[in-house]
$ cat run.pdb   # PDB, C-alpha atoms, pLDDT in the B column
ATOM      1  CA  MET A   1       0.000   0.000   0.000  1.00 68.00           C
ATOM      2  CA  SER A   2       1.439   3.387  -0.927  1.00 84.00           C
ATOM      3  CA  ASP A   3       2.329   5.857   1.805  1.00 86.00           C
ATOM      4  CA  ASP A   4       0.377   8.675   0.170  1.00 89.00           C
ATOM      5  CA  PHE A   5      -2.816   6.570   0.171  1.00 91.00           C
ATOM      6  CA  VAL A   6      -2.329   5.652   3.832  1.00 92.00           C
ATOM      7  CA  GLU A   7      -1.902   9.348   4.654  1.00 92.00           C
ATOM      8  CA  PHE A   8      -5.021  10.208   2.629  1.00 92.00           C
ATOM      9  CA  ALA A   9      -7.061   7.447   4.316  1.00 93.00           C
ATOM     10  CA  ARG A  10      -6.050   8.585   7.799  1.00 93.00           C
ATOM     11  CA  ALA A  11      -6.961  12.172   6.994  1.00 92.00           C
ATOM     12  CA  ALA A  12     -10.284  11.387   5.279  1.00 92.00           C
ATOM     13  CA  ALA A  13     -11.690   8.445   7.265  1.00 93.00           C
ATOM     14  CA  GLY A  14     -13.165  10.393  10.204  1.00 92.00           C
ATOM     15  CA  ARG A  15     -14.994  12.926   8.089  1.00 92.00           C
ATOM     16  CA  LEU A  16     -16.267  10.232   5.703  1.00 93.00           C
ATOM     17  CA  ARG A  17     -17.547   8.151   8.652  1.00 93.00           C
ATOM     18  CA  ASP A  18     -19.339  11.156  10.177  1.00 90.00           C
ATOM     19  CA  THR A  19     -20.944  12.006   6.836  1.00 90.00           C
ATOM     20  CA  ALA A  20     -22.004   8.382   6.326  1.00 90.00           C
ATOM     21  CA  PHE A  21     -23.522   8.261   9.817  1.00 90.00           C
ATOM     22  CA  LEU A  22     -25.587  11.381   9.195  1.00 86.00           C
ATOM     23  CA  MET A  23     -26.970   9.778   6.062  1.00 85.00           C
ATOM     24  CA  CYS A  24     -27.634   6.248   7.355  1.00 85.00           C
ATOM     25  CA  ARG A  25     -27.989   6.653  11.181  1.00 81.00           C
ATOM     26  CA  ASP A  26     -26.206   3.381  11.839  1.00 85.00           C
ATOM     27  CA  TRP A  27     -22.737   3.767  13.311  1.00 88.00           C
ATOM     28  CA  HIS A  28     -21.574   0.303  12.232  1.00 90.00           C
ATOM     29  CA  LEU A  29     -22.960   0.683   8.723  1.00 90.00           C
ATOM     30  CA  ALA A  30     -21.260   4.077   8.499  1.00 91.00           C
ATOM     31  CA  GLN A  31     -17.937   2.425   9.333  1.00 93.00           C
ATOM     32  CA  ASP A  32     -18.577  -0.266   6.711  1.00 93.00           C
ATOM     33  CA  LEU A  33     -19.490   2.315   4.079  1.00 93.00           C
ATOM     34  CA  THR A  34     -16.341   4.270   4.926  1.00 94.00           C
ATOM     35  CA  GLN A  35     -14.235   1.144   4.475  1.00 94.00           C
ATOM     36  CA  MET A  36     -15.932   0.335   1.155  1.00 94.00           C
ATOM     37  CA  THR A  37     -15.310   3.913   0.027  1.00 94.00           C
ATOM     38  CA  LEU A  38     -11.634   3.737   0.935  1.00 94.00           C
ATOM     39  CA  ALA A  39     -11.339   0.357  -0.820  1.00 93.00           C
ATOM     40  CA  LYS A  40     -12.803   1.819  -4.013  1.00 93.00           C
ATOM     41  CA  VAL A  41     -10.521   4.843  -3.757  1.00 92.00           C
ATOM     42  CA  TYR A  42      -7.524   2.553  -3.264  1.00 93.00           C
ATOM     43  CA  ALA A  43      -8.482   0.472  -6.308  1.00 91.00           C
ATOM     44  CA  SER A  44      -8.359   3.647  -8.417  1.00 90.00           C
ATOM     45  CA  TRP A  45      -5.635   5.418  -6.448  1.00 90.00           C
ATOM     46  CA  ARG A  46      -3.398   6.288  -9.437  1.00 88.00           C
ATOM     47  CA  ARG A  47      -6.273   8.093 -11.128  1.00 88.00           C
ATOM     48  CA  VAL A  48      -7.602   9.581  -7.881  1.00 87.00           C
ATOM     49  CA  ARG A  49      -4.173  10.862  -6.831  1.00 84.00           C
ATOM     50  CA  ALA A  50      -3.891  12.727 -10.135  1.00 84.00           C
ATOM     51  CA  ALA A  51      -7.317  14.356  -9.634  1.00 80.00           C
ATOM     52  CA  ASP A  52      -7.639  17.895  -8.313  1.00 83.00           C
ATOM     53  CA  ASN A  53      -9.538  16.888  -5.177  1.00 87.00           C
ATOM     54  CA  PRO A  54      -9.262  13.287  -3.932  1.00 90.00           C
ATOM     55  CA  HIS A  55     -11.502  14.126  -0.949  1.00 90.00           C
ATOM     56  CA  ALA A  56     -14.343  15.154  -3.266  1.00 89.00           C
ATOM     57  CA  TYR A  57     -13.875  11.938  -5.241  1.00 90.00           C
ATOM     58  CA  ALA A  58     -14.094   9.870  -2.040  1.00 92.00           C
ATOM     59  CA  ARG A  59     -17.147  11.807  -0.828  1.00 91.00           C
ATOM     60  CA  THR A  60     -18.897  11.159  -4.164  1.00 90.00           C
ATOM     61  CA  ILE A  61     -18.210   7.430  -3.867  1.00 92.00           C
ATOM     62  CA  LEU A  62     -19.515   7.459  -0.287  1.00 93.00           C
ATOM     63  CA  VAL A  63     -22.765   9.238  -1.183  1.00 89.00           C
ATOM     64  CA  ARG A  64     -23.413   6.824  -4.036  1.00 89.00           C
ATOM     65  CA  LEU A  65     -22.711   3.839  -1.776  1.00 91.00           C
ATOM     66  CA  VAL A  66     -25.139   5.165   0.850  1.00 87.00           C
ATOM     67  CA  ILE A  67     -27.884   5.707  -1.700  1.00 84.00           C
ATOM     68  CA  ASP A  68     -27.264   2.302  -3.324  1.00 84.00           C
ATOM     69  CA  GLN A  69     -27.295   0.624   0.078  1.00 81.00           C
ATOM     70  CA  ARG A  70     -30.621   2.281   0.934  1.00 74.00           C
ATOM     71  CA  ARG A  71     -32.116   1.081  -2.348  1.00 71.00           C
ATOM     72  CA  ARG A  72     -30.926  -2.504  -1.815  1.00 69.00           C
ATOM     73  CA  HIS A  73     -32.072  -2.684   1.794  1.00 59.00           C
ATOM     74  CA  SER A  74     -35.109  -0.431   1.792  1.00 52.00           C
ATOM     75  CA  SER A  75     -37.331  -3.160   3.235  1.00 49.00           C
ATOM     76  CA  ARG A  76     -34.902  -4.112   6.003  1.00 53.00           C
ATOM     77  CA  GLU A  77     -35.104  -3.038   9.599  1.00 50.00           C
ATOM     78  CA  THR A  78     -32.864  -0.125  10.432  1.00 52.00           C
ATOM     79  CA  ALA A  79     -30.894  -0.162  13.646  1.00 52.00           C
ATOM     80  CA  LEU A  80     -30.942   3.192  15.397  1.00 50.00           C
ATOM     81  CA  VAL A  81     -27.549   3.471  17.003  1.00 51.00           C
ATOM     82  CA  VAL A  82     -26.325   6.623  18.674  1.00 52.00           C
ATOM     83  CA  PRO A  83     -22.693   7.434  17.833  1.00 50.00           C
ATOM     84  CA  PRO A  84     -20.158   7.300  20.642  1.00 47.00           C
ATOM     85  CA  GLU A  85     -19.597  10.564  22.463  1.00 49.00           C
ATOM     86  CA  GLN A  86     -16.612  12.175  20.770  1.00 50.00           C
ATOM     87  CA  GLY A  87     -16.258  15.875  21.331  1.00 47.00           C
ATOM     88  CA  VAL A  88     -19.993  16.548  21.042  1.00 42.00           C
ATOM     89  CA  THR A  89     -20.821  20.158  21.872  1.00 54.00           C
ATOM     90  CA  TYR A  90     -24.608  20.062  21.481  1.00 51.00           C
ATOM     91  CA  PRO A  91     -27.017  18.750  24.122  1.00 56.00           C
ATOM     92  CA  ALA A  92     -28.016  15.129  23.565  1.00 58.00           C
ATOM     93  CA  GLU A  93     -31.690  16.078  23.151  1.00 61.00           C
ATOM     94  CA  LEU A  94     -30.866  18.416  20.272  1.00 60.00           C
ATOM     95  CA  ARG A  95     -28.616  15.902  18.564  1.00 62.00           C
ATOM     96  CA  LEU A  96     -31.131  13.050  18.832  1.00 67.00           C
ATOM     97  CA  THR A  97     -34.056  15.226  17.784  1.00 73.00           C
ATOM     98  CA  LEU A  98     -32.179  16.421  14.714  1.00 75.00           C
ATOM     99  CA  LEU A  99     -31.057  12.890  13.827  1.00 79.00           C
ATOM    100  CA  ASP A 100     -34.610  11.578  14.184  1.00 80.00           C
ATOM    101  CA  ALA A 101     -35.948  14.351  11.966  1.00 82.00           C
ATOM    102  CA  LEU A 102     -33.170  13.848   9.407  1.00 85.00           C
ATOM    103  CA  ALA A 103     -33.956  10.107   9.270  1.00 85.00           C
ATOM    104  CA  THR A 104     -37.485  10.825   8.009  1.00 87.00           C
ATOM    105  CA  LEU A 105     -36.151  12.289   4.767  1.00 89.00           C
ATOM    106  CA  PRO A 106     -35.676  10.073   1.697  1.00 89.00           C
ATOM    107  CA  ALA A 107     -32.062   8.997   1.088  1.00 85.00           C
ATOM    108  CA  ARG A 108     -31.348  11.486  -1.710  1.00 89.00           C
ATOM    109  CA  ASP A 109     -32.890  14.403   0.189  1.00 91.00           C
ATOM    110  CA  ARG A 110     -30.948  13.446   3.308  1.00 89.00           C
ATOM    111  CA  ALA A 111     -27.764  13.324   1.194  1.00 88.00           C
ATOM    112  CA  ILE A 112     -28.514  16.792  -0.173  1.00 91.00           C
ATOM    113  CA  VAL A 113     -29.056  18.243   3.303  1.00 90.00           C
ATOM    114  CA  VAL A 114     -25.955  16.591   4.753  1.00 88.00           C
ATOM    115  CA  LEU A 115     -23.736  17.619   1.837  1.00 88.00           C
ATOM    116  CA  ARG A 116     -25.061  21.184   1.695  1.00 89.00           C
ATOM    117  CA  TYR A 117     -25.231  21.978   5.394  1.00 84.00           C
ATOM    118  CA  TRP A 118     -22.900  19.515   7.148  1.00 83.00           C
ATOM    119  CA  GLU A 119     -20.189  19.271   4.502  1.00 84.00           C
ATOM    120  CA  ASP A 120     -20.828  22.897   3.434  1.00 85.00           C
ATOM    121  CA  LEU A 121     -20.625  22.093  -0.276  1.00 86.00           C
ATOM    122  CA  SER A 122     -21.942  24.352  -3.002  1.00 89.00           C
ATOM    123  CA  VAL A 123     -25.175  23.642  -4.862  1.00 91.00           C
ATOM    124  CA  GLU A 124     -23.157  22.895  -8.006  1.00 91.00           C
ATOM    125  CA  THR A 125     -20.860  20.434  -6.234  1.00 89.00           C
ATOM    126  CA  VAL A 126     -23.777  18.559  -4.668  1.00 90.00           C
ATOM    127  CA  ALA A 127     -25.558  18.443  -8.029  1.00 91.00           C
ATOM    128  CA  ASP A 128     -22.451  16.964  -9.670  1.00 88.00           C
ATOM    129  CA  MET A 129     -21.987  14.405  -6.891  1.00 86.00           C
ATOM    130  CA  LEU A 130     -25.593  13.211  -7.058  1.00 87.00           C
ATOM    131  CA  ASP A 131     -25.856  13.564 -10.824  1.00 88.00           C
ATOM    132  CA  VAL A 132     -28.878  15.870 -10.640  1.00 91.00           C
ATOM    133  CA  SER A 133     -29.487  19.447 -11.746  1.00 93.00           C
ATOM    134  CA  THR A 134     -28.785  22.439  -9.526  1.00 92.00           C
ATOM    135  CA  ALA A 135     -32.521  23.161  -9.580  1.00 94.00           C
ATOM    136  CA  VAL A 136     -33.187  19.753  -7.987  1.00 93.00           C
ATOM    137  CA  VAL A 137     -30.627  20.461  -5.252  1.00 93.00           C
ATOM    138  CA  LYS A 138     -32.126  23.881  -4.521  1.00 93.00           C
ATOM    139  CA  THR A 139     -35.720  22.649  -4.566  1.00 93.00           C
ATOM    140  CA  GLN A 140     -35.047  19.563  -2.457  1.00 93.00           C
ATOM    141  CA  SER A 141     -32.942  21.580   0.004  1.00 91.00           C
ATOM    142  CA  MET A 142     -35.800  24.014   0.475  1.00 91.00           C
ATOM    143  CA  ARG A 143     -38.407  21.257   0.814  1.00 92.00           C
ATOM    144  CA  SER A 144     -36.230  19.196   3.146  1.00 90.00           C
ATOM    145  CA  LEU A 145     -35.486  22.153   5.407  1.00 87.00           C
ATOM    146  CA  THR A 146     -39.182  23.002   5.507  1.00 88.00           C
ATOM    147  CA  ARG A 147     -39.958  19.390   6.437  1.00 88.00           C
ATOM    148  CA  LEU A 148     -37.287  19.422   9.164  1.00 84.00           C
ATOM    149  CA  ARG A 149     -38.702  22.657  10.593  1.00 83.00           C
ATOM    150  CA  GLU A 150     -42.192  21.115  10.644  1.00 84.00           C
ATOM    151  CA  LEU A 151     -40.934  17.992  12.389  1.00 81.00           C
ATOM    152  CA  LEU A 152     -38.970  19.940  14.976  1.00 77.00           C
ATOM    153  CA  GLY A 153     -41.846  22.395  15.555  1.00 76.00           C
ATOM    154  CA  ASP A 154     -41.756  24.600  18.624  1.00 65.00           C
ATOM    155  CA  SER A 155     -39.338  22.291  20.388  1.00 59.00           C
ATOM    156  CA  ARG A 156     -36.553  23.456  18.089  1.00 59.00           C
ATOM    157  CA  LEU A 157     -36.783  26.933  19.632  1.00 62.00           C
ATOM    158  CA  GLU A 158     -36.369  25.472  23.121  1.00 58.00           C
ATOM    159  CA  LEU A 159     -33.469  23.309  22.040  1.00 53.00           C
ATOM    160  CA  PHE A 160     -31.649  26.140  20.322  1.00 56.00           C
ATOM    161  CA  ALA A 161     -32.380  28.532  23.190  1.00 55.00           C
ATOM    162  CA  GLU A 162     -30.871  26.020  25.623  1.00 48.00           C
ATOM    163  CA  ASP A 163     -27.843  25.716  23.346  1.00 44.00           C
ATOM    164  CA  ARG A 164     -27.351  29.509  23.322  1.00 42.00           C
ATOM    165  CA  ARG A 165     -26.933  29.638  27.086  1.00 40.00           C
ATOM    166  CA  GLN A 166     -23.797  27.529  26.849  1.00 42.00           C
ATOM    167  CA  PRO A 167     -21.051  28.516  24.385  1.00 39.00           C
ATOM    168  CA  LEU A 168     -20.212  25.898  21.769  1.00 37.00           C
ATOM    169  CA  HIS A 169     -16.503  26.515  22.236  1.00 37.00           C
ATOM    170  CA  PRO A 170     -14.589  27.829  25.226  1.00 39.00           C
ATOM    171  CA  VAL A 171     -14.651  31.603  25.168  1.00 38.00           C
ATOM    172  CA  ARG A 172     -11.425  33.390  25.913  1.00 39.00           C
ATOM    173  CA  SER A 173     -11.201  36.985  26.856  1.00 39.00           C
ATOM    174  CA  HIS A 174      -8.770  39.157  24.987  1.00 40.00           C
ATOM    175  CA  PRO A 175      -6.644  41.314  27.303  1.00 42.00           C
ATOM    176  CA  ARG A 176      -7.394  44.489  25.347  1.00 41.00           C
ATOM    177  CA  SER A 177     -11.105  44.033  24.760  1.00 41.00           C
ATOM    178  CA  GLY A 178     -12.269  42.527  28.057  1.00 44.00           C
ATOM    179  CA  PRO A 179     -14.426  39.417  28.321  1.00 44.00           C
ATOM    180  CA  ALA A 180     -15.742  37.991  25.074  1.00 44.00           C
ATOM    181  CA  SER A 181     -19.401  37.240  24.639  1.00 41.00           C
ATOM    182  CA  GLY A 182     -20.654  33.670  24.202  1.00 43.00           C
ATOM    183  CA  VAL A 183     -21.142  32.100  20.798  1.00 42.00           C
ATOM    184  CA  GLY A 184     -24.593  31.122  19.862  1.00 38.00           C
TER     185      GLY A 184
END

$ encode --input "run.pdb" --output "structure tokens"
Amino acid sequence: MSDDFVEFARAAAGRLRDTAFLMCRDWHLAQDLTQMTLAKVYASWRRVRAADNPHAYARTILVRLVIDQRRRHSSRETALVVPPEQGVTYPAELRLTLLDALATLPARDRAIVVLRYWEDLSVETVADMLDVSTAVVKTQSMRSLTRLRELLGDSRLELFAEDRRQPLHPVRSHPRSGPASGVG
């Protein structure tokens, strides 16, 4: 195995696993999908290494694997596994509520939301990855966000208000400007 692939895999694996989990809600399946993605990237490593953005290539493979997996196993039971606590900054209620709401979206819509708002990718990039038009990405983003707001209802205001009372990151005061205000 080439050293540059090993370095790439170490750098990309965590983010790919997190993205997979947000799309499939099964921690073990997310790990499997990440491994399958890295295996496919390794099989094409010469071509991938020469590409402008190997991370985008890997993310595209991952999204397609998640969607294909959902199609193949759409009638199967889905295990609802909560990811291990690793540096989580949001209250558990908020995280679980958002994950439950996200799980109600169809696989492609969930992929669009995760790629647009978790991965912070442009509309054009998401459209290319999913092989759909930019209009589909925009429309489905809008509809999916509307659906998520409906599902979260008034409780989302409580959850976000609770989150605002506690900064997401430690706040440091700058010696010249006095105490900093909380993030949120």

$ resolve_selection --input "run.pdb" --expression "the PyMOL selection byres ((chain A and resi 127-136) around 12)" --output "tab-separated table (two decimals) with C-alpha atoms, keeping the file's coordinate frame"
chain	number	residue	atom	x	y	z
A	56	ALA	CA	-14.34	15.15	-3.27
A	57	TYR	CA	-13.88	11.94	-5.24
A	58	ALA	CA	-14.09	9.87	-2.04
A	59	ARG	CA	-17.15	11.81	-0.83
A	60	THR	CA	-18.90	11.16	-4.16
A	61	ILE	CA	-18.21	7.43	-3.87
A	62	LEU	CA	-19.52	7.46	-0.29
A	63	VAL	CA	-22.76	9.24	-1.18
A	64	ARG	CA	-23.41	6.82	-4.04
A	65	LEU	CA	-22.71	3.84	-1.78
A	66	VAL	CA	-25.14	5.16	0.85
A	67	ILE	CA	-27.88	5.71	-1.70
A	68	ASP	CA	-27.26	2.30	-3.32
A	107	ALA	CA	-32.06	9.00	1.09
A	108	ARG	CA	-31.35	11.49	-1.71
A	109	ASP	CA	-32.89	14.40	0.19
A	110	ARG	CA	-30.95	13.45	3.31
A	111	ALA	CA	-27.76	13.32	1.19
A	112	ILE	CA	-28.51	16.79	-0.17
A	113	VAL	CA	-29.06	18.24	3.30
A	115	LEU	CA	-23.74	17.62	1.84
A	116	ARG	CA	-25.06	21.18	1.70
A	121	LEU	CA	-20.62	22.09	-0.28
A	122	SER	CA	-21.94	24.35	-3.00
A	123	VAL	CA	-25.18	23.64	-4.86
A	124	GLU	CA	-23.16	22.90	-8.01
A	125	THR	CA	-20.86	20.43	-6.23
A	126	VAL	CA	-23.78	18.56	-4.67
A	137	VAL	CA	-30.63	20.46	-5.25
A	138	LYS	CA	-32.13	23.88	-4.52
A	139	THR	CA	-35.72	22.65	-4.57
A	140	GLN	CA	-35.05	19.56	-2.46
A	141	SER	CA	-32.94	21.58	0.00
A	142	MET	CA	-35.80	24.01	0.48
A	143	ARG	CA	-38.41	21.26	0.81
A	144	SER	CA	-36.23	19.20	3.15

$ atom_distance --input "run.pdb" --atom1 "CA of Asp120 in chain A" --atom2 "CA of Leu22 in chain A"
13.7 Å

$ closest_atom_pairs --input "run.pdb" --of "range 38-64 of chain A" --to "range 1-11 of chain A" --cutoff "10 Å" --atoms "only C-alpha atoms" --output "CSV"
residue,atom,partner,partner_atom,distance
A:Leu38,CA,A:Ala9,CA,6.8
A:Ala39,CA,A:Ala9,CA,9.7
A:Val41,CA,A:Phe5,CA,8.8
A:Tyr42,CA,A:Phe5,CA,7.1
A:Trp45,CA,A:Phe5,CA,7.3
A:Arg46,CA,A:Phe5,CA,9.6
A:Val48,CA,A:Phe5,CA,9.8
A:Arg49,CA,A:Phe5,CA,8.3
A:Pro54,CA,A:Phe8,CA,8.4
A:His55,CA,A:Phe8,CA,8.4
A:Ala58,CA,A:Ala9,CA,9.8

$ write_last_selection --input "run.pdb" --atoms "C-alpha atoms" --output "PDB file, keeping the file's coordinate frame"
ATOM      1  CA  LEU A  38     -11.634   3.737   0.935  1.00 94.00           C
ATOM      2  CA  ALA A  39     -11.339   0.357  -0.820  1.00 93.00           C
ATOM      3  CA  VAL A  41     -10.521   4.843  -3.757  1.00 92.00           C
ATOM      4  CA  TYR A  42      -7.524   2.553  -3.264  1.00 93.00           C
ATOM      5  CA  TRP A  45      -5.635   5.418  -6.448  1.00 90.00           C
ATOM      6  CA  ARG A  46      -3.398   6.288  -9.437  1.00 88.00           C
ATOM      7  CA  VAL A  48      -7.602   9.581  -7.881  1.00 87.00           C
ATOM      8  CA  ARG A  49      -4.173  10.862  -6.831  1.00 84.00           C
ATOM      9  CA  PRO A  54      -9.262  13.287  -3.932  1.00 90.00           C
ATOM     10  CA  HIS A  55     -11.502  14.126  -0.949  1.00 90.00           C
ATOM     11  CA  ALA A  58     -14.094   9.870  -2.040  1.00 92.00           C
TER      12      ALA A  58
END

$ resolve_selection --input "run.pdb" --expression "the PyMOL selection byres ((chain A and resi 20) around 9)" --output "PyMOL selection string"
chain A and resi 15-19+21-27+29-31+33-34+62-63+66

$ atom_distance --input "run.pdb" --atom1 "CA of Leu148 in chain A" --atom2 "CA of Ala103 in chain A"
9.9 Å

$ atom_distance --input "run.pdb" --atom1 "CA of Val114 in chain A" --atom2 "CA of Arg47 in chain A"
26.7 Å

$ closest_residue --input "run.pdb" --among "A:Glu119, A:Ala43, A:Thr37, A:Leu151" --to "Thr97 in chain A" --atoms "all atoms listed in the file"
A:Leu151
